[in-house]
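coords-v3.txt (compact mmCIF, C-alpha atoms) appears below.
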# COMPACT_ATOMS: atom_id res chain seq x y z
CA MET A 17 -11.94 -21.37 19.71
CA LYS A 18 -14.00 -22.17 16.64
CA THR A 19 -16.34 -19.43 15.45
CA LEU A 20 -19.04 -19.70 12.81
CA TRP A 21 -19.84 -16.71 10.62
CA GLN A 22 -22.96 -17.31 8.52
CA HIS A 23 -25.88 -15.82 6.57
CA CYS A 24 -23.59 -13.99 4.14
CA HIS A 25 -22.32 -13.98 0.59
CA VAL A 26 -18.57 -14.15 0.03
CA ALA A 27 -16.26 -12.74 -2.62
CA THR A 28 -13.17 -14.80 -1.80
CA MET A 29 -10.90 -12.99 -4.33
CA ALA A 30 -9.02 -16.26 -4.87
CA GLN A 31 -7.08 -16.12 -8.16
CA GLY A 32 -7.79 -12.39 -8.40
CA VAL A 33 -11.52 -12.71 -9.23
CA TYR A 34 -14.67 -12.42 -7.13
CA SER A 35 -15.04 -16.24 -6.79
CA ILE A 36 -18.47 -15.70 -5.28
CA ILE A 37 -20.05 -18.10 -2.78
CA GLU A 38 -23.77 -17.39 -2.30
CA ASP A 39 -25.38 -18.10 1.08
CA ALA A 40 -21.97 -18.86 2.56
CA ALA A 41 -20.50 -19.74 5.91
CA ILE A 42 -17.02 -19.26 7.32
CA VAL A 43 -15.49 -21.19 10.20
CA THR A 44 -12.53 -19.61 11.93
CA SER A 45 -10.26 -21.29 14.43
CA GLY A 46 -8.25 -18.74 16.31
CA ALA A 47 -6.71 -16.38 13.77
CA LEU A 48 -7.15 -18.67 10.76
CA ILE A 49 -9.90 -19.76 8.38
CA GLU A 50 -10.67 -23.43 8.98
CA TRP A 51 -13.52 -23.84 6.49
CA ILE A 52 -15.37 -21.74 3.94
CA GLY A 53 -18.13 -22.68 1.53
CA PRO A 54 -21.89 -22.83 0.91
CA ARG A 55 -23.83 -22.91 4.18
CA ASN A 56 -25.68 -26.07 3.17
CA GLN A 57 -22.34 -27.87 3.07
CA LEU A 58 -21.23 -26.70 6.52
CA PRO A 59 -19.55 -29.57 8.40
CA SER A 60 -21.51 -30.79 11.38
CA GLY A 61 -20.01 -30.11 14.75
CA GLU A 62 -20.00 -27.78 17.74
CA TYR A 63 -19.43 -24.07 17.20
CA PRO A 64 -19.02 -22.30 20.54
CA ALA A 65 -19.58 -18.90 18.92
CA VAL A 66 -22.01 -18.17 16.09
CA ASN A 67 -22.28 -14.82 14.29
CA ASP A 68 -25.20 -13.91 12.03
CA LEU A 69 -23.89 -11.54 9.31
CA GLN A 70 -27.44 -10.72 8.19
CA GLY A 71 -26.93 -11.13 4.47
CA ALA A 72 -23.76 -9.05 4.24
CA TRP A 73 -21.22 -9.34 1.45
CA VAL A 74 -17.90 -10.55 2.88
CA THR A 75 -14.57 -9.67 1.27
CA PRO A 76 -11.00 -10.07 2.44
CA GLY A 77 -9.84 -7.20 4.61
CA LEU A 78 -8.54 -4.42 2.41
CA ILE A 79 -4.76 -4.09 2.07
CA ASP A 80 -3.14 -0.70 1.47
CA CYS A 81 0.23 -1.72 0.09
CA HIS A 82 1.83 1.72 -0.46
CA THR A 83 1.58 4.54 2.10
CA HIS A 84 3.75 7.23 3.65
CA THR A 85 1.56 7.55 6.74
CA VAL A 86 4.21 8.87 9.17
CA PHE A 87 5.25 12.46 8.53
CA GLY A 88 5.36 15.89 10.08
CA GLY A 89 3.66 19.02 8.83
CA ASN A 90 1.22 19.66 6.03
CA ARG A 91 1.58 20.78 2.41
CA SER A 92 -1.78 22.30 1.59
CA GLY A 93 0.05 25.49 0.62
CA GLU A 94 1.83 23.61 -2.15
CA PHE A 95 -1.54 22.29 -3.29
CA GLU A 96 -2.65 25.87 -3.78
CA LYS A 97 0.51 26.66 -5.75
CA ARG A 98 -0.03 23.73 -8.10
CA LEU A 99 -3.57 24.91 -8.72
CA GLN A 100 -2.05 28.24 -9.74
CA GLY A 101 0.12 26.51 -12.31
CA VAL A 102 3.39 25.82 -10.49
CA SER A 103 4.72 22.34 -11.32
CA TYR A 104 5.66 19.69 -8.77
CA ALA A 105 9.26 19.80 -10.07
CA ASP A 106 9.45 23.60 -9.66
CA ILE A 107 8.10 23.37 -6.11
CA ALA A 108 10.71 20.73 -5.27
CA ALA A 109 13.50 22.82 -6.82
CA SER A 110 12.57 25.81 -4.63
CA GLY A 111 12.87 23.83 -1.39
CA GLY A 112 9.33 22.52 -1.22
CA GLY A 113 8.06 19.05 -1.95
CA ILE A 114 9.65 16.22 -0.04
CA ALA A 115 12.28 18.57 1.43
CA SER A 116 9.65 20.60 3.27
CA THR A 117 8.18 17.46 4.82
CA VAL A 118 11.68 16.34 5.79
CA ARG A 119 12.17 19.56 7.75
CA ALA A 120 8.86 19.18 9.56
CA THR A 121 9.47 15.50 10.28
CA ARG A 122 12.93 16.11 11.68
CA GLU A 123 11.53 18.78 13.99
CA ALA A 124 8.72 16.54 15.29
CA THR A 125 9.15 14.25 18.28
CA GLU A 126 8.43 10.55 18.05
CA ASP A 127 5.29 11.02 20.13
CA GLU A 128 4.07 13.82 17.87
CA LEU A 129 4.64 11.69 14.77
CA PHE A 130 2.84 8.78 16.40
CA ALA A 131 -0.20 10.88 17.33
CA SER A 132 -0.64 12.39 13.86
CA ALA A 133 -0.01 9.10 12.05
CA ALA A 134 -2.46 7.23 14.29
CA LYS A 135 -5.26 9.60 13.26
CA ARG A 136 -4.55 9.00 9.58
CA LEU A 137 -4.22 5.25 10.06
CA LYS A 138 -7.54 5.07 11.89
CA SER A 139 -9.21 6.69 8.89
CA LEU A 140 -7.89 3.89 6.68
CA MET A 141 -8.98 1.28 9.20
CA ARG A 142 -12.50 2.69 9.36
CA ASP A 143 -12.57 2.19 5.59
CA GLY A 144 -12.03 -1.58 5.94
CA VAL A 145 -8.21 -1.73 5.80
CA THR A 146 -6.80 -4.55 7.93
CA THR A 147 -3.22 -4.57 6.58
CA VAL A 148 -1.07 -1.60 5.63
CA GLU A 149 2.45 -0.89 4.43
CA MET A 150 4.13 2.27 5.73
CA LYS A 151 7.37 3.79 4.49
CA SER A 152 10.01 5.98 6.02
CA GLY A 153 11.71 8.48 3.72
CA TYR A 154 11.02 11.81 5.39
CA GLY A 155 13.98 11.61 7.76
CA LEU A 156 16.87 11.11 5.32
CA ASP A 157 19.43 10.58 8.06
CA LEU A 158 19.94 7.68 10.43
CA VAL A 159 18.42 9.33 13.50
CA ASN A 160 15.23 10.47 11.81
CA GLU A 161 14.72 7.42 9.59
CA ARG A 162 15.01 5.37 12.77
CA LYS A 163 12.46 7.65 14.44
CA ILE A 164 9.91 7.10 11.66
CA LEU A 165 10.44 3.34 11.58
CA ARG A 166 10.07 3.14 15.36
CA VAL A 167 6.74 4.95 15.06
CA ILE A 168 5.61 2.42 12.44
CA ARG A 169 6.39 -0.45 14.81
CA ARG A 170 4.52 1.34 17.62
CA LEU A 171 1.46 1.78 15.45
CA GLU A 172 1.26 -1.95 14.81
CA LYS A 173 1.60 -2.71 18.51
CA GLN A 174 -1.07 -0.26 19.62
CA LEU A 175 -3.68 -0.52 16.85
CA PRO A 176 -5.49 -3.64 15.58
CA ILE A 177 -3.90 -3.71 12.13
CA SER A 178 -1.15 -5.71 10.45
CA VAL A 179 1.77 -3.54 9.32
CA ARG A 180 4.71 -3.90 6.96
CA SER A 181 7.54 -1.42 7.50
CA THR A 182 9.55 -0.24 4.49
CA CYS A 183 12.77 1.77 4.59
CA LEU A 184 12.66 4.47 1.90
CA ALA A 185 15.83 6.30 2.89
CA ALA A 186 16.58 6.69 -0.84
CA HIS A 187 13.53 8.92 -1.27
CA ALA A 188 15.18 12.27 -1.92
CA LEU A 189 18.51 14.00 -1.46
CA PRO A 190 18.74 15.68 1.97
CA PRO A 191 19.87 19.32 1.97
CA GLU A 192 23.17 18.53 3.65
CA TYR A 193 24.07 16.32 0.68
CA LYS A 194 23.20 18.83 -2.03
CA ASP A 195 24.96 17.86 -5.30
CA ARG A 196 26.44 14.77 -3.59
CA ALA A 197 23.92 12.07 -4.43
CA ASP A 198 26.51 9.31 -4.69
CA ASP A 199 27.83 10.16 -1.22
CA TYR A 200 24.32 9.97 0.19
CA ILE A 201 23.69 6.60 -1.45
CA ASP A 202 26.94 5.43 0.21
CA LEU A 203 25.48 6.49 3.56
CA VAL A 204 22.20 4.67 2.87
CA CYS A 205 23.92 1.46 1.78
CA ASN A 206 26.82 1.30 4.22
CA GLU A 207 25.39 2.78 7.41
CA MET A 208 21.65 3.36 7.44
CA LEU A 209 20.30 0.10 6.04
CA PRO A 210 22.61 -2.17 8.05
CA ALA A 211 21.86 -0.34 11.30
CA LEU A 212 18.09 -0.18 10.82
CA ALA A 213 17.88 -3.80 9.68
CA ALA A 214 19.90 -4.93 12.70
CA GLU A 215 17.37 -3.20 14.96
CA GLY A 216 14.49 -5.15 13.39
CA LEU A 217 12.81 -2.05 12.01
CA VAL A 218 12.75 -2.96 8.31
CA ASP A 219 10.64 -5.48 6.37
CA ALA A 220 11.55 -4.22 2.88
CA VAL A 221 13.61 -1.55 1.11
CA ASP A 222 12.27 1.00 -1.39
CA ALA A 223 13.79 3.79 -3.48
CA PHE A 224 12.62 6.60 -5.77
CA CYS A 225 14.01 6.17 -9.28
CA GLU A 226 13.37 9.47 -11.02
CA TYR A 227 15.22 12.39 -12.59
CA LEU A 228 14.52 14.53 -9.51
CA ALA A 229 15.53 11.72 -7.12
CA PHE A 230 17.98 8.88 -7.88
CA SER A 231 19.31 7.31 -11.06
CA PRO A 232 18.88 3.63 -11.93
CA GLU A 233 22.58 3.11 -11.18
CA GLN A 234 22.21 4.61 -7.71
CA VAL A 235 19.05 2.62 -7.05
CA GLU A 236 20.82 -0.57 -8.08
CA ARG A 237 23.39 0.05 -5.36
CA VAL A 238 20.55 0.26 -2.82
CA PHE A 239 19.10 -2.99 -4.14
CA ILE A 240 22.46 -4.75 -3.81
CA ALA A 241 22.81 -3.52 -0.23
CA ALA A 242 19.30 -4.76 0.57
CA GLN A 243 20.05 -8.16 -0.93
CA LYS A 244 23.10 -8.50 1.31
CA LEU A 245 20.80 -7.91 4.28
CA ASP A 246 18.28 -10.46 2.94
CA LEU A 247 15.61 -7.77 2.57
CA PRO A 248 13.13 -7.70 -0.35
CA VAL A 249 13.01 -4.58 -2.50
CA LYS A 250 10.39 -2.46 -4.24
CA LEU A 251 10.57 0.72 -6.27
CA HIS A 252 8.90 4.04 -7.07
CA ALA A 253 9.31 4.00 -10.84
CA GLU A 254 8.18 5.76 -14.01
CA GLN A 255 6.02 8.31 -12.19
CA LEU A 256 7.26 11.43 -13.98
CA SER A 257 9.54 10.08 -16.71
CA SER A 258 10.75 6.84 -18.26
CA LEU A 259 14.00 5.58 -16.72
CA HIS A 260 13.02 1.89 -16.95
CA GLY A 261 13.19 1.54 -13.20
CA SER A 262 10.43 -1.05 -13.40
CA SER A 263 12.68 -3.25 -15.56
CA LEU A 264 15.44 -2.76 -12.98
CA ALA A 265 13.00 -3.85 -10.27
CA ALA A 266 12.20 -6.92 -12.34
CA ARG A 267 15.88 -7.86 -12.63
CA TYR A 268 16.13 -7.82 -8.84
CA ARG A 269 12.85 -9.76 -8.36
CA ALA A 270 11.32 -6.87 -6.45
CA LEU A 271 7.99 -7.29 -4.72
CA SER A 272 6.55 -4.45 -6.77
CA ALA A 273 7.15 -1.43 -8.95
CA ASP A 274 4.84 1.47 -8.13
CA HIS A 275 3.29 4.47 -9.97
CA LEU A 276 4.28 3.44 -13.56
CA GLU A 277 2.54 6.13 -15.61
CA PHE A 278 5.53 6.38 -17.98
CA MET A 279 6.47 2.70 -18.24
CA ASP A 280 6.47 1.08 -21.68
CA GLU A 281 5.58 -2.36 -22.99
CA ALA A 282 9.14 -3.66 -22.57
CA ASP A 283 8.90 -2.81 -18.87
CA ALA A 284 5.57 -4.64 -18.65
CA ILE A 285 7.09 -7.71 -20.28
CA ALA A 286 10.00 -7.66 -17.80
CA MET A 287 7.61 -7.35 -14.86
CA ALA A 288 5.43 -10.18 -16.14
CA GLU A 289 8.40 -12.51 -16.56
CA ALA A 290 9.57 -11.77 -13.01
CA ASP A 291 6.02 -11.85 -11.55
CA ILE A 292 6.42 -8.34 -10.15
CA VAL A 293 3.24 -6.58 -9.03
CA ALA A 294 2.38 -3.25 -10.65
CA VAL A 295 1.09 -0.97 -7.88
CA LEU A 296 -0.99 1.83 -9.38
CA LEU A 297 -1.61 4.96 -7.33
CA PRO A 298 -4.63 6.80 -8.70
CA GLY A 299 -4.66 9.31 -5.85
CA ALA A 300 -1.33 10.79 -6.93
CA PHE A 301 -2.41 10.67 -10.59
CA TYR A 302 -5.55 12.62 -9.71
CA PHE A 303 -3.97 15.04 -7.25
CA LEU A 304 -1.15 16.02 -9.63
CA ARG A 305 -3.63 16.29 -12.51
CA GLU A 306 -1.47 13.89 -14.50
CA THR A 307 -2.48 13.15 -18.07
CA GLN A 308 -0.12 10.25 -18.82
CA LEU A 309 -2.06 7.06 -18.05
CA PRO A 310 -0.35 3.86 -16.95
CA PRO A 311 -0.14 1.43 -19.90
CA MET A 312 -3.21 -0.57 -18.93
CA GLU A 313 -3.38 -2.41 -22.26
CA ALA A 314 0.21 -3.64 -21.93
CA LEU A 315 -0.28 -4.64 -18.28
CA ARG A 316 -3.37 -6.66 -19.14
CA LYS A 317 -1.87 -8.12 -22.31
CA HIS A 318 1.12 -9.50 -20.43
CA LYS A 319 -0.93 -10.49 -17.37
CA VAL A 320 0.94 -8.31 -14.90
CA LYS A 321 -0.84 -8.39 -11.54
CA ILE A 322 -2.16 -4.93 -10.65
CA ALA A 323 -2.50 -3.64 -7.10
CA ILE A 324 -4.14 -0.39 -6.00
CA ALA A 325 -2.97 1.69 -3.03
CA SER A 326 -3.67 5.07 -1.46
CA ASP A 327 -0.08 6.42 -1.54
CA LEU A 328 -1.15 8.37 1.54
CA ASN A 329 1.37 11.21 1.78
CA PRO A 330 1.30 14.97 2.45
CA GLY A 331 2.35 16.22 -0.95
CA THR A 332 0.86 14.25 -3.82
CA SER A 333 -1.87 12.00 -2.38
CA PRO A 334 -3.34 13.07 0.97
CA ALA A 335 -5.79 10.18 0.65
CA LEU A 336 -7.53 8.78 3.71
CA SER A 337 -9.80 6.30 1.89
CA LEU A 338 -8.62 3.21 0.04
CA ARG A 339 -12.17 2.67 -1.22
CA LEU A 340 -12.03 6.05 -2.93
CA MET A 341 -8.87 4.84 -4.67
CA LEU A 342 -10.87 1.87 -6.01
CA ASN A 343 -13.31 4.29 -7.60
CA MET A 344 -10.46 6.38 -9.03
CA ALA A 345 -8.85 3.24 -10.45
CA CYS A 346 -12.10 2.53 -12.27
CA THR A 347 -12.84 6.07 -13.42
CA CYS A 348 -9.28 7.24 -14.18
CA PHE A 349 -7.60 4.01 -15.30
CA ARG A 350 -10.72 2.22 -16.65
CA MET A 351 -10.28 -0.78 -14.40
CA THR A 352 -13.29 -2.93 -13.60
CA PRO A 353 -14.61 -3.02 -10.01
CA GLU A 354 -13.47 -6.65 -9.85
CA GLU A 355 -9.93 -5.71 -10.94
CA ALA A 356 -9.87 -2.84 -8.46
CA LEU A 357 -10.98 -5.04 -5.54
CA ALA A 358 -8.35 -7.65 -6.47
CA GLY A 359 -5.89 -4.77 -6.46
CA ALA A 360 -6.71 -3.94 -2.85
CA THR A 361 -6.77 -7.55 -1.65
CA ILE A 362 -4.90 -10.49 -3.20
CA HIS A 363 -2.62 -8.49 -5.51
CA ALA A 364 -1.85 -6.01 -2.75
CA ALA A 365 -0.93 -8.95 -0.54
CA GLN A 366 1.53 -10.18 -3.17
CA ALA A 367 3.02 -6.68 -3.38
CA LEU A 368 3.88 -7.07 0.31
CA GLY A 369 5.09 -10.67 0.08
CA MET A 370 2.03 -11.81 2.07
CA ALA A 371 -0.08 -13.62 -0.52
CA ASP A 372 0.41 -17.00 1.16
CA THR A 373 -1.39 -15.78 4.28
CA HIS A 374 -3.46 -12.71 3.34
CA GLY A 375 -5.50 -11.17 0.58
CA SER A 376 -8.11 -13.86 -0.14
CA LEU A 377 -10.56 -15.93 1.87
CA GLU A 378 -9.25 -19.49 1.71
CA VAL A 379 -8.68 -22.31 4.17
CA GLY A 380 -5.46 -21.84 6.10
CA LYS A 381 -5.22 -18.10 5.51
CA VAL A 382 -5.50 -15.43 8.18
CA ALA A 383 -9.11 -14.62 9.08
CA ASP A 384 -9.09 -10.95 8.10
CA PHE A 385 -12.37 -10.00 6.44
CA VAL A 386 -15.02 -7.32 6.21
CA ALA A 387 -18.78 -7.95 6.18
CA TRP A 388 -20.22 -5.09 4.14
CA HIS A 389 -23.94 -4.28 4.10
CA ILE A 390 -24.01 -3.60 0.37
CA ASP A 391 -25.96 -4.91 -2.61
CA ARG A 392 -23.00 -6.31 -4.56
CA PRO A 393 -19.18 -6.23 -4.43
CA ALA A 394 -19.03 -3.51 -7.11
CA ASP A 395 -20.53 -1.12 -4.55
CA LEU A 396 -17.12 -0.86 -2.90
CA ALA A 397 -15.79 0.94 -5.98
CA TYR A 398 -19.09 2.69 -6.73
CA TRP A 399 -19.70 4.81 -3.63
CA LEU A 400 -17.55 7.94 -3.37
CA GLY A 401 -16.34 8.01 0.22
CA GLY A 402 -18.66 7.81 3.18
CA ASP A 403 -18.66 5.23 5.93
CA LEU A 404 -20.32 2.10 4.57
CA ASP A 405 -22.07 -0.04 7.17
CA LYS A 406 -19.78 -2.97 7.93
CA ARG A 407 -18.25 -5.34 10.48
CA VAL A 408 -14.48 -5.79 10.43
CA VAL A 409 -12.89 -9.06 11.56
CA ARG A 410 -9.14 -9.25 12.07
CA HIS A 411 -7.38 -12.48 13.03
CA GLY A 412 -10.78 -14.05 13.66
CA VAL A 413 -11.91 -11.38 16.14
CA GLU A 414 -14.38 -8.60 15.44
CA SER A 415 -12.54 -5.31 15.57
CA SER A 416 -13.67 -1.80 16.35
CA LEU A 417 -12.04 1.58 16.80
Reformat the file's structure so that it appears as structure tokens.
Amino acid sequence: MKTLWQHCHVATMAQGVYSIIEDAAIVTSGALIEWIGPRNQLPSGEYPAVNDLQGAWVTPGLIDCHTHTVFGGNRSGEFEKRLQGVSYADIAASGGGIASTVRATREATEDELFASAAKRLKSLMRDGVTTVEMKSGYGLDLVNERKILRVIRRLEKQLPISVRSTCLAAHALPPEYKDRADDYIDLVCNEMLPALAAEGLVDAVDAFCEYLAFSPEQVERVFIAAQKLDLPVKLHAEQLSSLHGSSLAARYRALSADHLEFMDEADAIAMAEADIVAVLLPGAFYFLRETQLPPMEALRKHKVKIAIASDLNPGTSPALSLRLMLNMACTCFRMTPEEALAGATIHAAQALGMADTHGSLEVGKVADFVAWHIDRPADLAYWLGGDLDKRVVRHGVESSL
């Protein structure tokens, strides 16, 4: 059925800029956008359903392209330790960090993980998120990685949100493989990835390339295994040190390289040449009180597309608002509100391999959009939290929680 949405202003985010249409109208047909433009150019015809958006600003639905939404437990105690001066690396070395979440996640049932993750996901959805990526990586064995990925698939089936599922089995070394990282990578490549892919649980493969996780050589083995399974790759890179993981991601035409505080200009050049999205995660930067900024000048100079995500996770970014991340991107990384909004729409869509269908308001794309009762698009990065008045449309249908 055709539906007309009118009396609004639109920031289409086509080409990564506002691309504003004043006094606009949108025609949806089923789940897709059939027409969009100035209301005075609206094609004549019958519109069985007409929605008055009352002067709202319409943007694409927000896309959170990097989250770890499914996990057991809570790490607020570690937060207190860091505030007392204990480093993230020291906490991890003493059995905390990712390892503590792995223990809690392994102990949780699938239903328990689903219930806790659904609460967190609903918070993102109330913030205008219509598409989200969720990673495994807190199971670190076949049974528990499968459990997390099954929960991710359940969340998409039971909540009105589009989901991409990423296998991050190469997230950390499980305790049973202490000092045997190469053996664990063998397990990931030869058993875990093939089994999970065969069960239809994986849309992409990620890894953590860092001195306290896995080396570039070990990550490359994961990438090769993913390629054999015809799965796209992405990478946690340059968060705590410079290992040039982002250049490795570029060589393998990854969807994205994420974090990137310690990347250099050569990495930016490699990413630009491969058209790899740089996913910046200001929540983790803020929460860890990091002082090393991502190389914004190099990213802009070489025209690397920049996405922004929440990195929702229990240890380094317990962030339940993607809009707050837009503000942090502006205040911490000196991005403009326009750059930040592009980072949570069209560039985030590219970071998930979805830019042909999502991330901007254009004819033929999926009709996911939010009608915000705000004064201008910059308000989305201006207001610190809160529940802005809005109407959320997903696949052409108004959605509510």
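Atom pair CA of Gly331 (chain A) / CA of Leu304 (chain A) has a distance of 9.4 Å (rounded to one decimal).
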Report the closest atom pair, with its distance in Å rounded to one decimal, for each residue of region 70-173 of chain A that has an atom no farther than 10 Å from region 289-297 of chain A; count all atoms listed in the file, sort by chain and then rising residue number, and write it as a Markdown table.
| residue | atom | partner | partner_atom | distance |
| --- | --- | --- | --- | --- |
| A:Cys81 | CA | A:Val295 | CA | 8.1 |
| A:His82 | CA | A:Val295 | CA | 7.9 |
| A:Thr83 | CA | A:Leu297 | CA | 10.0 |
Practice prompt. With a distance cut-off of 9 Å and all atoms listed in the file, select the neighbouring residues of region 125-136 of chain A, excluding the residue or stretch itself and same-chain residues fewer than 3 positions from it, and output the selection as a VMD selection string.
Written response: chain A and resid 85 to 88 121 to 122 139 to 141 163 to 164 166 to 168 170 to 171 175 328 336
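Comparing A:Ile37, A:Ile52, A:Ala356, A:Ala273 by their smallest distance to Leu338 (chain A), the closest is A:Ala356 (using all atoms listed in the file).
Using only C-alpha atoms, the smallest distance between any of A:Asp283, A:Glu94, A:Glu414, A:Asp403 and Leu340 (chain A) comes from A:Asp403.
With distances restricted to all atoms listed in the file, A:Phe224 is the closest residue to Ala186 (chain A) from A:Tyr154, A:Phe224, A:Phe303, A:Tyr34.
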Worksheet item: When distances are computed from all atoms listed in the file, which of A:Ser152, A:Thr361, A:Ser103, A:Ser110 shows the smallest separation from Val33 (chain A)?
Response: A:Thr361
Discussion item. If we count all atoms listed in the file and set the cut-off at 6 Å, which residues sit around Pro190 (chain A), ignoring sequence neighbours fewer than 2 positions away in its own chain? Please answer as number ranges by chain.
Written reply: A: 156, 192-193
Worksheet item: Which residue, A:Asp372, A:Glu277, A:Asp222, A:Glu149, has the smallest gap to His260 (chain A) when you use only C-alpha atoms?
Response: A:Glu277
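In this comparison, which uses all atoms listed in the file, the residue of A:Val204, A:Val413, A:Val386, A:Leu251 approaching Arg142 (chain A) most closely is A:Val386.
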Item to complete: Would you list the contacts of Leu217 (chain A) as number ranges by chain, taking every protein, DNA or RNA residue within 9 Å and counting all atoms listed in the file, but skipping same-chain residues closer than 2 positions in sequence?
Response: A: 162, 165-166, 168-169, 181-183, 212-215, 219
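By all atoms listed in the file, and with residues fewer than 6 positions from Lys319 (chain A) along its chain excluded, the set lying at most 9 Å from it is Ala284, Ile285 and Ala288 of chain A.
One distance worth recording is that between CA of Pro54 (chain A) and CA of Val66 (chain A), which is 15.9 Å.
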Worksheet item: Rounded to one decimal in Å, what is the spacing between CA of Ala188 (chain A) and CA of Phe301 (chain A)?
Response: 19.7 Å
